[in-house]
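A.B. asks: query.txt (compact mmCIF, C-alpha atoms and all ligand atoms) pasted underneath:
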# COMPACT_ATOMS: atom_id res chain seq x y z
CA MET P 1 67.44 64.36 170.37
CA LYS P 2 69.32 65.34 173.54
CA ILE P 3 71.34 68.55 173.88
CA ALA P 4 75.01 67.62 174.25
CA LYS P 5 76.67 71.04 174.15
CA ALA P 6 75.73 74.67 174.83
CA GLU P 7 78.32 77.28 173.80
CA VAL P 8 78.07 81.05 174.19
CA ILE P 9 80.06 82.85 171.52
CA VAL P 10 80.88 86.54 171.82
CA THR P 11 82.24 88.21 168.72
CA SER P 12 82.68 91.83 167.70
CA PRO P 13 83.08 91.98 163.90
CA ASP P 14 81.52 95.43 163.45
CA ARG P 15 79.89 95.55 166.85
CA ASN P 16 79.35 93.06 169.70
CA PHE P 17 77.13 90.03 169.20
CA VAL P 18 76.26 87.24 171.63
CA THR P 19 75.26 83.92 170.07
CA LEU P 20 74.15 80.69 171.72
CA LYS P 21 75.06 77.52 169.85
CA LEU P 22 73.37 74.28 170.89
CA THR P 23 74.59 70.92 169.59
CA THR P 24 72.57 67.71 169.91
CA GLU P 25 74.05 64.25 170.57
CA ASP P 26 73.46 63.39 166.92
CA GLY P 27 75.34 66.48 165.76
CA LEU P 28 72.57 68.92 164.80
CA THR P 29 73.33 72.53 165.70
CA GLY P 30 71.07 75.47 166.42
CA LEU P 31 71.86 79.17 166.81
CA GLY P 32 70.16 81.83 168.93
CA ASP P 33 70.80 85.58 169.16
CA ALA P 34 71.23 86.94 172.72
CA THR P 35 72.69 90.36 171.92
CA LEU P 36 71.71 93.12 174.37
CA ASN P 37 73.36 96.24 173.03
CA GLY P 38 75.70 97.84 175.60
CA ARG P 39 74.96 95.20 178.29
CA GLU P 40 76.13 92.09 176.41
CA LEU P 41 78.18 90.43 179.13
CA ALA P 42 75.29 90.28 181.58
CA VAL P 43 73.48 87.98 179.13
CA VAL P 44 76.65 85.95 178.56
CA SER P 45 76.84 85.24 182.28
CA TYR P 46 73.11 84.46 182.54
CA LEU P 47 73.45 81.93 179.72
CA LYS P 48 76.82 80.43 180.67
CA ASP P 49 76.42 80.33 184.43
CA HIS P 50 72.71 79.69 184.85
CA VAL P 51 71.13 78.30 181.66
CA ALA P 52 73.69 76.20 179.77
CA PRO P 53 74.17 73.69 182.63
CA LEU P 54 70.38 73.10 182.71
CA LEU P 55 70.18 72.38 179.01
CA ILE P 56 72.72 69.56 178.81
CA GLY P 57 70.89 66.24 178.50
CA SER P 58 67.47 67.81 177.92
CA ASP P 59 65.30 67.02 174.89
CA ALA P 60 65.95 69.53 172.08
CA SER P 61 62.57 68.82 170.48
CA ARG P 62 60.60 70.25 173.47
CA ILE P 63 60.65 73.96 172.59
CA GLU P 64 57.55 75.09 174.50
CA ASP P 65 58.36 73.01 177.57
CA THR P 66 61.95 74.31 177.68
CA TRP P 67 60.69 77.90 177.37
CA GLN P 68 58.18 77.47 180.19
CA PHE P 69 60.82 75.77 182.36
CA LEU P 70 63.36 78.57 181.89
CA TYR P 71 60.75 81.31 182.39
CA ARG P 72 58.97 79.85 185.43
CA SER P 73 61.67 77.92 187.25
CA ALA P 74 63.91 80.99 187.66
CA TYR P 75 61.15 82.62 189.76
CA TRP P 76 62.57 86.07 188.78
CA ARG P 77 60.66 86.90 185.63
CA ARG P 78 60.96 89.27 182.68
CA GLY P 79 63.59 91.95 182.10
CA PRO P 80 65.94 92.26 179.12
CA VAL P 81 68.75 90.03 180.41
CA THR P 82 66.47 87.11 181.29
CA MET P 83 64.36 87.41 178.15
CA ALA P 84 67.31 87.77 175.73
CA SER P 85 68.78 84.61 177.27
CA ILE P 86 65.55 82.62 176.96
CA ALA P 87 65.11 84.01 173.43
CA ALA P 88 68.44 82.58 172.36
CA VAL P 89 67.48 79.11 173.60
CA ASP P 90 64.07 79.32 171.88
CA MET P 91 65.61 80.39 168.55
CA ALA P 92 68.30 77.71 168.71
CA LEU P 93 65.68 75.02 169.38
CA TRP P 94 63.55 76.18 166.41
CA ASP P 95 66.72 76.10 164.28
CA ILE P 96 67.39 72.52 165.38
CA LYS P 97 63.78 71.47 164.81
CA GLY P 98 63.90 72.89 161.29
CA LYS P 99 67.11 71.06 160.52
CA ALA P 100 65.72 67.81 161.96
CA ALA P 101 62.60 68.20 159.79
CA GLY P 102 64.53 69.33 156.71
CA MET P 103 62.37 72.48 156.57
CA PRO P 104 62.83 76.21 156.96
CA VAL P 105 61.42 77.44 160.28
CA TYR P 106 58.61 79.43 158.60
CA GLN P 107 57.16 76.13 157.36
CA LEU P 108 57.00 74.83 160.92
CA LEU P 109 55.25 78.05 161.99
CA GLY P 110 52.40 77.44 159.55
CA GLY P 111 53.97 78.16 156.16
CA ALA P 112 54.27 81.36 154.14
CA SER P 113 51.43 83.86 154.34
CA ARG P 114 53.04 86.09 151.69
CA THR P 115 55.78 86.07 149.08
CA GLY P 116 58.14 88.44 150.90
CA LEU P 117 58.49 91.00 153.66
CA MET P 118 58.32 94.72 152.96
CA ALA P 119 61.29 96.30 154.74
CA TYR P 120 62.25 99.85 155.66
CA GLY P 121 65.70 101.38 155.90
CA HIS P 122 67.12 104.35 157.81
CA ALA P 123 67.70 107.60 155.92
CA SER P 124 69.05 110.54 157.86
CA GLY P 125 70.98 113.76 157.65
CA LYS P 126 71.74 116.96 159.50
CA GLU P 127 70.04 119.14 156.89
CA LEU P 128 67.65 118.69 153.97
CA PRO P 129 70.15 118.18 151.10
CA GLU P 130 71.84 115.43 153.09
CA ILE P 131 68.49 113.84 153.99
CA PHE P 132 67.41 113.89 150.33
CA ASP P 133 70.71 112.25 149.29
CA SER P 134 70.29 109.61 151.96
CA ILE P 135 66.71 108.85 150.82
CA ARG P 136 67.90 108.61 147.18
CA SER P 137 70.70 106.26 148.15
CA HIS P 138 68.22 104.04 150.02
CA LEU P 139 65.92 104.00 146.99
CA GLU P 140 68.91 102.93 144.88
CA GLN P 141 69.63 100.12 147.35
CA GLY P 142 66.10 98.86 146.71
CA TYR P 143 64.28 100.20 149.77
CA ARG P 144 60.63 101.02 149.11
CA SER P 145 59.85 102.36 152.60
CA ILE P 146 62.08 104.77 154.46
CA ARG P 147 62.54 106.04 157.99
CA VAL P 148 63.63 109.69 158.10
CA GLN P 149 65.66 111.17 160.98
CA THR P 150 66.90 114.74 160.93
CA GLY P 151 69.32 117.07 162.66
CA VAL P 152 67.74 119.93 164.63
CA PRO P 153 69.08 123.50 164.41
CA GLY P 154 71.06 124.32 167.54
CA LEU P 155 71.73 120.69 168.51
CA LYS P 156 75.20 119.26 167.93
CA ALA P 157 74.61 115.52 167.79
CA ILE P 158 71.44 113.44 167.70
CA TYR P 159 71.28 109.68 167.93
CA GLY P 160 70.31 108.12 164.62
CA ILE P 161 71.90 110.67 162.26
CA ALA P 162 74.45 108.87 160.09
CA SER P 163 76.63 111.82 159.11
CA GLN P 164 77.20 112.67 162.74
CA ALA P 165 78.45 109.13 163.35
CA ALA P 166 80.72 109.53 160.32
CA ASP P 167 81.98 112.84 161.68
CA THR P 168 83.51 111.00 164.60
CA GLY P 169 86.00 109.55 162.14
CA ASP P 170 85.38 106.05 163.46
CA ALA P 171 85.51 103.93 160.31
CA ASP P 172 83.57 101.12 161.98
CA VAL P 173 80.47 103.22 162.48
CA ARG P 174 80.40 105.05 159.15
CA TYR P 175 77.80 102.74 157.57
CA ASP P 176 75.99 102.25 160.84
CA HIS P 177 73.57 104.99 161.79
CA GLU P 178 73.11 103.87 165.33
CA PRO P 179 76.35 102.61 166.79
CA ALA P 180 77.17 101.61 170.29
CA ARG P 181 80.47 103.47 170.42
CA ARG P 182 83.43 101.44 171.52
CA GLY P 183 85.10 102.87 174.57
CA ALA P 184 84.90 102.99 178.34
CA LYS P 185 82.18 105.66 178.62
CA PRO P 186 79.00 106.56 176.70
CA THR P 187 79.07 109.56 174.36
CA GLU P 188 77.03 112.54 175.56
CA GLU P 189 74.60 114.13 173.09
CA ASP P 190 72.23 117.06 173.48
CA TRP P 191 68.48 117.49 173.20
CA ASP P 192 65.77 120.15 173.06
CA THR P 193 62.19 118.94 172.51
CA ARG P 194 60.76 122.39 171.66
CA ALA P 195 63.33 122.91 168.90
CA TYR P 196 62.63 119.40 167.56
CA LEU P 197 58.84 119.84 167.54
CA LYS P 198 59.22 123.13 165.68
CA HIS P 199 61.62 121.68 163.10
CA LEU P 200 60.31 118.20 162.26
CA PRO P 201 57.03 118.99 160.39
CA GLY P 202 58.93 121.23 157.93
CA VAL P 203 61.34 118.39 157.19
CA PHE P 204 58.50 115.99 156.37
CA GLU P 205 56.80 118.65 154.26
CA ALA P 206 60.01 119.08 152.24
CA VAL P 207 60.49 115.31 151.90
CA ARG P 208 56.91 114.85 150.67
CA ASN P 209 57.34 117.70 148.16
CA GLU P 210 60.55 116.12 146.86
CA PHE P 211 59.54 112.44 146.80
CA GLY P 212 55.77 112.61 146.29
CA PRO P 213 52.79 111.24 148.19
CA ASP P 214 53.34 107.50 147.67
CA LEU P 215 56.62 106.65 149.44
CA PRO P 216 55.92 105.15 152.88
CA LEU P 217 57.77 107.35 155.42
CA LEU P 218 58.48 106.48 159.04
CA HIS P 219 59.94 108.38 161.99
CA ASP P 220 61.39 107.34 165.37
CA GLY P 221 60.83 109.69 168.34
CA HIS P 222 63.09 107.49 170.49
CA HIS P 223 61.11 107.96 173.73
CA ARG P 224 62.00 111.65 173.97
CA MET P 225 58.56 113.24 174.39
CA THR P 226 55.96 113.57 177.11
CA PRO P 227 52.47 112.32 176.15
CA ILE P 228 51.15 115.81 175.36
CA GLN P 229 54.23 116.66 173.28
CA ALA P 230 53.82 113.37 171.41
CA ALA P 231 50.14 114.15 170.77
CA LYS P 232 51.14 117.53 169.35
CA LEU P 233 53.76 115.96 167.10
CA GLY P 234 51.41 113.25 165.81
CA LYS P 235 48.87 115.94 164.93
CA SER P 236 51.38 118.19 163.20
CA LEU P 237 52.65 115.27 161.07
CA GLU P 238 49.19 114.23 159.85
CA PRO P 239 49.40 116.17 156.55
CA TYR P 240 52.50 114.13 155.59
CA ASP P 241 50.78 110.76 155.97
CA LEU P 242 53.41 108.85 157.95
CA PHE P 243 53.43 105.04 157.86
CA TRP P 244 54.18 105.30 161.58
CA LEU P 245 55.53 107.43 164.39
CA GLU P 246 57.65 105.19 166.60
CA ASP P 247 58.36 105.39 170.35
CA CYS P 248 56.84 108.85 170.62
CA THR P 249 56.94 108.54 174.40
CA PRO P 250 58.43 106.07 176.89
CA ALA P 251 55.66 103.55 177.40
CA GLU P 252 56.46 102.00 180.75
CA ASN P 253 53.17 103.64 181.62
CA GLN P 254 51.06 102.09 178.88
CA GLU P 255 48.06 104.24 179.80
CA ALA P 256 49.96 107.37 178.63
CA LEU P 257 49.42 106.36 175.02
CA ARG P 258 45.68 106.97 175.37
CA LEU P 259 46.27 110.69 175.44
CA VAL P 260 48.40 110.54 172.28
CA ARG P 261 45.85 108.34 170.54
CA GLN P 262 42.94 110.65 171.35
CA HIS P 263 44.61 113.50 169.51
CA THR P 264 46.08 112.04 166.37
CA THR P 265 45.46 109.65 163.49
CA THR P 266 49.20 109.27 162.82
CA PRO P 267 49.78 105.50 163.22
CA LEU P 268 51.80 104.60 166.32
CA ALA P 269 54.48 101.90 166.72
CA ILE P 270 56.00 100.91 170.02
CA GLY P 271 57.86 98.19 171.88
CA GLU P 272 61.47 97.65 170.80
CA ILE P 273 62.53 97.66 174.46
CA PHE P 274 59.59 95.54 175.66
CA ASN P 275 60.24 91.98 176.85
CA THR P 276 56.91 90.20 177.25
CA VAL P 277 53.27 90.32 176.22
CA TRP P 278 52.61 92.04 179.57
CA ASP P 279 54.41 95.15 178.35
CA PHE P 280 52.00 95.25 175.38
CA LYS P 281 48.80 94.07 177.03
CA ASP P 282 46.99 97.38 177.60
CA LEU P 283 48.32 98.91 174.39
CA ILE P 284 46.90 96.01 172.38
CA ARG P 285 43.64 95.46 174.26
CA ASP P 286 42.79 99.19 174.21
CA GLN P 287 43.99 99.58 170.61
CA LEU P 288 46.40 102.37 171.53
CA ILE P 289 49.01 101.36 168.93
CA ASP P 290 49.06 100.13 165.35
CA TYR P 291 52.37 98.22 165.22
CA VAL P 292 54.15 95.91 167.68
CA ARG P 293 57.89 96.69 167.60
CA GLY P 294 59.09 93.73 169.71
CA ALA P 295 62.26 91.93 168.62
CA VAL P 296 62.49 88.14 168.65
CA THR P 297 65.80 88.62 170.51
CA HIS P 298 64.34 90.74 173.33
CA MET P 299 60.83 89.29 173.63
CA GLY P 300 61.98 85.82 174.71
CA GLY P 301 62.14 84.21 171.27
CA ILE P 302 59.98 83.16 168.35
CA SER P 303 57.43 81.29 170.51
CA PRO P 304 56.27 84.17 172.78
CA LEU P 305 56.47 86.85 170.09
CA LYS P 306 54.27 84.71 167.84
CA LYS P 307 51.70 84.54 170.65
CA THR P 308 51.89 88.30 171.22
CA LEU P 309 51.43 89.02 167.52
CA GLU P 310 48.50 86.62 167.29
CA TYR P 311 46.88 88.42 170.22
CA ALA P 312 47.54 91.74 168.45
CA ALA P 313 45.96 90.34 165.27
CA GLN P 314 42.58 90.13 167.02
CA TYR P 315 42.69 93.94 167.19
CA GLN P 316 44.00 94.48 163.62
CA ILE P 317 47.37 95.52 165.05
CA LYS P 318 50.33 94.47 162.89
CA SER P 319 53.96 93.52 163.30
CA GLY P 320 56.83 95.96 162.89
CA MET P 321 59.64 93.86 164.32
CA HIS P 322 62.79 95.61 165.50
CA GLY P 323 65.71 95.10 163.09
CA PRO P 324 68.65 97.48 163.65
CA THR P 325 72.24 96.25 163.31
CA ASP P 326 72.38 95.28 166.99
CA ILE P 327 69.98 92.43 166.20
CA SER P 328 72.42 89.80 164.88
CA PRO P 329 71.84 88.02 161.56
CA VAL P 330 70.44 85.11 163.62
CA GLY P 331 67.86 87.37 165.29
CA MET P 332 67.03 88.92 161.90
CA ALA P 333 66.51 85.48 160.34
CA ALA P 334 64.17 84.54 163.21
CA ALA P 335 62.17 87.74 162.59
CA MET P 336 61.92 86.94 158.87
CA HIS P 337 60.62 83.38 159.44
CA LEU P 338 58.06 84.67 161.92
CA GLY P 339 57.06 87.62 159.71
CA LEU P 340 56.59 85.40 156.67
CA SER P 341 54.29 83.03 158.52
CA ILE P 342 51.94 85.26 160.57
CA HIS P 343 48.83 86.78 159.04
CA ASN P 344 49.23 90.28 160.52
CA PHE P 345 52.69 91.16 159.19
CA GLY P 346 53.10 94.93 158.80
CA ILE P 347 56.67 95.88 157.92
CA GLN P 348 60.20 94.72 158.85
CA GLU P 349 63.00 97.08 159.89
CA TYR P 350 66.17 96.21 157.98
CA MET P 351 69.55 97.91 158.36
CA LYS P 352 72.30 96.14 156.49
CA HIS P 353 75.06 94.63 158.61
CA GLY P 354 78.71 95.38 157.87
CA GLN P 355 80.89 93.16 155.72
CA LYS P 356 82.77 91.63 158.65
CA THR P 357 79.48 90.66 160.30
CA ASP P 358 78.34 89.04 157.06
CA GLU P 359 81.56 87.00 156.99
CA VAL P 360 81.10 85.78 160.56
CA PHE P 361 77.42 84.89 160.01
CA GLU P 362 76.79 82.98 156.76
CA GLN P 363 73.26 83.88 155.76
CA SER P 364 70.74 82.70 153.19
CA PHE P 365 68.05 85.40 153.18
CA THR P 366 67.30 87.33 149.99
CA TRP P 367 66.69 91.06 149.42
CA GLU P 368 64.89 91.94 146.19
CA ASN P 369 62.71 94.89 145.20
CA GLY P 370 62.45 96.14 148.77
CA MET P 371 61.38 92.71 150.02
CA LEU P 372 63.15 90.29 152.35
CA HIS P 373 62.74 86.49 152.33
CA PRO P 374 64.43 84.15 154.84
CA GLY P 375 65.29 81.53 152.20
CA ASP P 376 64.49 77.82 152.17
CA LYS P 377 67.44 76.22 153.95
CA PRO P 378 66.39 73.91 156.82
CA GLY P 379 66.23 75.77 160.15
CA LEU P 380 66.85 79.51 160.40
CA GLY P 381 69.32 79.48 157.50
CA VAL P 382 72.26 81.08 159.32
CA GLU P 383 75.58 79.40 160.20
CA LEU P 384 78.29 80.84 162.42
CA ASN P 385 81.81 80.78 161.04
CA GLN P 386 83.61 80.25 164.35
CA ASP P 387 87.10 80.84 162.93
CA GLU P 388 86.02 84.26 161.66
CA ALA P 389 84.15 84.97 164.91
CA GLY P 390 87.32 84.21 166.87
CA LYS P 391 89.17 87.01 165.10
CA TYR P 392 87.02 89.67 166.79
CA PRO P 393 87.09 89.60 170.59
CA TYR P 394 84.54 91.53 172.67
CA GLU P 395 85.11 95.28 172.95
CA GLN P 396 83.44 97.44 175.59
CA ALA P 397 80.85 99.65 173.91
CA TYR P 398 78.09 101.95 175.12
CA LEU P 399 75.05 103.54 173.55
CA PRO P 400 75.08 107.35 173.78
CA TYR P 401 72.87 109.40 176.10
CA ASN P 402 71.31 112.88 176.18
CA ARG P 403 71.51 115.95 178.37
CA LEU P 404 69.32 119.05 178.05
CA ALA P 405 70.91 122.53 177.86
CA ASP P 406 70.78 122.88 181.68
CA GLY P 407 72.52 119.54 182.17
CA THR P 408 69.48 117.38 182.98
CA VAL P 409 69.76 113.78 181.77
CA HIS P 410 67.05 113.10 179.17
CA ASP P 411 65.76 110.09 177.24
CA TRP P 412 67.91 109.73 174.15
C1 LIG P 501 65.40 101.43 165.98
C2 LIG P 501 66.01 101.70 167.29
C3 LIG P 501 67.40 101.24 167.49
C4 LIG P 501 67.82 101.25 168.94
C5 LIG P 501 68.94 100.33 169.18
C6 LIG P 501 69.43 100.32 170.60
O1 LIG P 501 64.30 101.89 165.81
O2 LIG P 501 66.00 100.73 165.19
O3 LIG P 501 65.59 102.80 167.93
O4 LIG P 501 68.29 101.86 166.68
O5 LIG P 501 68.12 102.52 169.37
O6 LIG P 501 68.54 99.06 168.79
O7 LIG P 501 70.27 99.27 170.80
MG MG P 502 63.46 102.71 167.50
Kindly return the structure encoded in the file as structure tokens.
C.D. replies:
Amino acid sequence: MKIAKAEVIVTSPDRNFVTLKLTTEDGLTGLGDATLNGRELAVVSYLKDHVAPLLIGSDASRIEDTWQFLYRSAYWRRGPVTMASIAAVDMALWDIKGKAAGMPVYQLLGGASRTGLMAYGHASGKELPEIFDSIRSHLEQGYRSIRVQTGVPGLKAIYGIASQAADTGDADVRYDHEPARRGAKPTEEDWDTRAYLKHLPGVFEAVRNEFGPDLPLLHDGHHRMTPIQAAKLGKSLEPYDLFWLEDCTPAENQEALRLVRQHTTTPLAIGEIFNTVWDFKDLIRDQLIDYVRGAVTHMGGISPLKKTLEYAAQYQIKSGMHGPTDISPVGMAAAMHLGLSIHNFGIQEYMKHGQKTDEVFEQSFTWENGMLHPGDKPGLGVELNQDEAGKYPYEQAYLPYNRLADGTVHDW
């Protein structure tokens, strides 16, 4: 089962996606997601210029060996560009192995450990009535767990608030709460941590009063706080029983989470920008988090994320795999197969892709009663419609960024 062809396909149906397509000599194909939001072309070059030539003629059945070869032979390890590239190869090889075996990938990973995957969606709004409407609309769409993001009085635009994206008048981002805006420069937003810390507990109090004690509620702090601010926030949210508080602080310094942990019982989730088990090691070993947020796409693929999650399982830490719209349907399918098979699944993030994306990527997952299932097609269950993909060439796009009132650049 030798690899005969390695193609890198860039398409921008609703936003940019990078997909690796491997074809074997006997005509089996496998897809891998290599999308790195806002830095897509760096991964395209890594794959096209440095990885694809190495794959031609190699044995498609040797997933672990290929992973180790790509990781170790480069000498330069880790980082988002490298790991997204290796992830795409790993996913594509699992896809091929599933097709060769006539089985969905989750069967090859050990079989189903549950009937479906509880998923959460993104509700948001500038003010309470809008937030309530957004939560109601998510409940109508079948979500049974909901992330809540809010505007803050005095701040004009905050990343993650849907209505503010809609206010830009850009039709492409209206459904998408967290766009990478197309254009030559990133959009500038504003931030004030004191105002946010004062405002947020009241929002969760109001949401709990309106929707009752049972609905699992999540919140994303998007790396904006210092450890002591994060500790304060976790404590002040305790009465509202959050499912998790995500990325309360940037965790390059993993030790910083100890301070947060010592002060609050609000569960903590972290790691959507992490690339390897080494970024999680201290957090897992010292039980400083409750959920691993790694994405298959950015953690080097199904193989290494499975190992990381199995390590986490020894400490009763669960999965909370990253699943915004910048993870392509291929990356989402990989997350679903992995989530279905591991024992310590926690929750899956799920933002629906736009219609054009769904036409480019033909998918076979199901969404019923707040639960996802990857489906039973051999492989990952996603096919790329290359004619459709060809209609949407790459467009430069950047994520936004923050400045404080005095002009200082801040985490966004
Ligand atoms: C989330 C995230 C994302 C990221 C985005 C960046 O929790 O889903 O924070 O929305 O910001 O993936 O590309
Ligand atoms: Mg996040």
A.B. asks: At a cut-off of 10 Å, using only C-alpha atoms, what residues contact Gly370 (chain P)? Leave out same-chain residues fewer than 5 positions from it and give the result as a VMD selection string.
C.D. replies: chain P and resid 116 to 121 138 to 139 141 to 145 350
A.B. asks: Show me as a PyMOL selection string the residues that reach within 9 Å of (82.2, 81.2, 161.6), counting only C-alpha atoms and using the file's own coordinates.
C.D. replies: chain P and resi 359-362+383-390
A.B. asks: Looking at P:Leu155, P:Val148, P:Met336, P:Leu70, which one is nearest to Glu246 (chain P), with distances taken over only C-alpha atoms?
C.D. replies: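 Going through P:Leu155, P:Val148, P:Met336, P:Leu70 one by one, the smallest distance to Glu246 (chain P) is for P:Val148.
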A.B. asks: For the atom pair CA of Phe132 (chain P) and CA of Ile146 (chain P), what is the interatomic distance in Å to one decimal place?
C.D. replies: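 Between CA of Phe132 (chain P) and CA of Ile146 (chain P) the gap is 11.3 Å.
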A.B. asks: Contacts of Thr226 (chain P) at 12 Å or less, counting all atoms listed in the file, minus same-chain residues fewer than 5 places along, as number ranges by chain?
C.D. replies: P: 193-194, 197, 221, 231-233, 247-251, 253, 256-257, 259-260, 410-411
A.B. asks: Neighbours of ligand MG 502 (chain P) at 10 Å or closer, counting all atoms listed in the file: which residues, as a PyMOL selection string?
C.D. replies: chain P and resi 160+178+219-223+245-248+269-273+293+322-324+349
A.B. asks: Name the closest residue to ligand LIG 501 (chain P) among the candidates P:Gly32, P:Pro153, P:Pro400, P:Gly381; distances are taken between atoms, counting only C-alpha atoms and all ligand atoms.
C.D. replies: P:Pro400
A.B. asks: Choose the residue, out of P:Gly183, P:Pro53, P:Pro80, P:Pro378, that has the smallest atom-to-atom separation from ligand LIG 501 (chain P); count all atoms listed in the file.
C.D. replies: P:Pro80
A.B. asks: Could you check how far CA of Tyr240 (chain P) sits from CA of Ile135 (chain P), in Å to one decimal?
C.D. replies: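 One can read the CA of Tyr240 (chain P) to CA of Ile135 (chain P) distance as 15.9 Å.
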A.B. asks: Which one is closest to ligand LIG 501 (chain P): P:Leu215, P:Ala180, P:Ala206, P:Ala157? Count all atoms listed in the file.
C.D. replies: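 Of the candidates, the smallest distance to ligand LIG 501 (chain P) is held by P:Ala180.
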A.B. asks: Taking into account all atoms listed in the file, which residue in the set P:Ile342, P:Leu109, P:Ile9, P:Met351 is nearest to ligand LIG 501 (chain P)?
C.D. replies: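 The shortest atom-to-atom distance to ligand LIG 501 (chain P) comes from P:Met351.
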A.B. asks: For a quick check of understanding, using all atoms listed in the file, which of P:Arg182, P:His298, P:Lys99, P:Lys281 has the smallest distance to Thr82 (chain P)?
C.D. replies: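 Of all the options, P:His298 lies closest to Thr82 (chain P).
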A.B. asks: If you measure from CA of Gly301 (chain P) to CA of Pro186 (chain P), what distance in Å do you get, rounded to one decimal?
C.D. replies: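 These atoms are spaced 28.5 Å apart.
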A.B. asks: Within 12 Å of Glu310 (chain P), counting only C-alpha atoms, which residues show up once you throw out same-chain ones fewer than 2 positions away? Write them as an MDAnalysis selection string, please.
C.D. replies: chainID P and resid 277 284 292 303:308 312:319 338:339 341:345
A.B. asks: Which polymer residues have any atom within 9 Å of an atom of Glu189 (chain P), counting all atoms listed in the file, with same-chain residues fewer than 4 positions away left out, as a PDB file with C-alpha atoms, in the frame of the given file?
C.D. replies:
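Ended up saving to selection_21.pdb:
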ATOM      1  CA  LEU P 155      71.730 120.690 168.510  1.00  0.00           C
ATOM      2  CA  LYS P 156      75.200 119.260 167.930  1.00  0.00           C
ATOM      3  CA  ALA P 157      74.610 115.520 167.790  1.00  0.00           C
ATOM      4  CA  ILE P 158      71.440 113.440 167.700  1.00  0.00           C
ATOM      5  CA  TYR P 159      71.280 109.680 167.930  1.00  0.00           C
ATOM      6  CA  PRO P 400      75.080 107.350 173.780  1.00  0.00           C
ATOM      7  CA  TYR P 401      72.870 109.400 176.100  1.00  0.00           C
ATOM      8  CA  ASN P 402      71.310 112.880 176.180  1.00  0.00           C
ATOM      9  CA  ARG P 403      71.510 115.950 178.370  1.00  0.00           C
ATOM     10  CA  LEU P 404      69.320 119.050 178.050  1.00  0.00           C
ATOM     11  CA  TRP P 412      67.910 109.730 174.150  1.00  0.00           C
TER      12      TRP P 412
END
A.B. asks: Name the residues in contact with Trp67 (chain P) at a cut-off of 7 Å, using all atoms listed in the file, excluding same-chain residues fewer than 4 positions from it; report them as an NGL selection string.
C.D. replies: :P and (63 or 71 or 86 or 90)
A.B. asks: Each side padded by 5 Å, which centre and which edge lengths in Å (one decimal) define the axis-aligned box around the listed atoms of ligand LIG 501 (chain P)? Give them as AutoDock Vina command-line options.
C.D. replies:
--center_x 67.3 --center_y 100.9 --center_z 168.0 --size_x 16.0 --size_y 13.7 --size_z 15.6
A.B. asks: Please tell me which residues are no farther than 12 Å from (64.1, 68.8, 161.9) in the file, counting all atoms listed in the file, and write them as an mmCIF file with C-alpha atoms, in the coordinates of the input.
C.D. replies:
data_model
loop_
_atom_site.group_PDB
_atom_site.id
_atom_site.type_symbol
_atom_site.label_atom_id
_atom_site.label_comp_id
_atom_site.auth_asym_id
_atom_site.auth_seq_id
_atom_site.Cartn_x
_atom_site.Cartn_y
_atom_site.Cartn_z
ATOM 1 C CA MET P 1 67.440 64.360 170.370
ATOM 2 C CA THR P 24 72.570 67.710 169.910
ATOM 3 C CA ASP P 26 73.460 63.390 166.920
ATOM 4 C CA LEU P 28 72.570 68.920 164.800
ATOM 5 C CA THR P 29 73.330 72.530 165.700
ATOM 6 C CA GLY P 30 71.070 75.470 166.420
ATOM 7 C CA ALA P 60 65.950 69.530 172.080
ATOM 8 C CA SER P 61 62.570 68.820 170.480
ATOM 9 C CA ALA P 92 68.300 77.710 168.710
ATOM 10 C CA LEU P 93 65.680 75.020 169.380
ATOM 11 C CA TRP P 94 63.550 76.180 166.410
ATOM 12 C CA ASP P 95 66.720 76.100 164.280
ATOM 13 C CA ILE P 96 67.390 72.520 165.380
ATOM 14 C CA LYS P 97 63.780 71.470 164.810
ATOM 15 C CA GLY P 98 63.900 72.890 161.290
ATOM 16 C CA LYS P 99 67.110 71.060 160.520
ATOM 17 C CA ALA P 100 65.720 67.810 161.960
ATOM 18 C CA ALA P 101 62.600 68.200 159.790
ATOM 19 C CA GLY P 102 64.530 69.330 156.710
ATOM 20 C CA MET P 103 62.370 72.480 156.570
ATOM 21 C CA PRO P 104 62.830 76.210 156.960
ATOM 22 C CA VAL P 105 61.420 77.440 160.280
ATOM 23 C CA GLN P 107 57.160 76.130 157.360
ATOM 24 C CA LEU P 108 57.000 74.830 160.920
ATOM 25 C CA LYS P 377 67.440 76.220 153.950
ATOM 26 C CA PRO P 378 66.390 73.910 156.820
ATOM 27 C CA GLY P 379 66.230 75.770 160.150
ATOM 28 C CA LEU P 380 66.850 79.510 160.400
#
A.B. asks: Output as a compact mmCIF listing (two decimals), in the frame of the given file: region 255-259 of chain P, completed with N, CA and C atoms.
C.D. replies:
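Result written to out.txt:
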# COMPACT_ATOMS: atom_id res chain seq x y z
N GLU P 255 49.25 103.39 179.80
CA GLU P 255 48.06 104.24 179.80
C GLU P 255 48.34 105.60 179.12
N ALA P 256 49.60 106.06 179.18
CA ALA P 256 49.96 107.37 178.63
C ALA P 256 49.64 107.47 177.14
N LEU P 257 49.66 106.34 176.46
CA LEU P 257 49.42 106.36 175.02
C LEU P 257 47.99 106.75 174.66
N ARG P 258 47.09 106.62 175.64
CA ARG P 258 45.68 106.97 175.37
C ARG P 258 45.56 108.44 174.99
N LEU P 259 46.32 109.26 175.70
CA LEU P 259 46.27 110.69 175.44
C LEU P 259 46.76 110.99 174.00
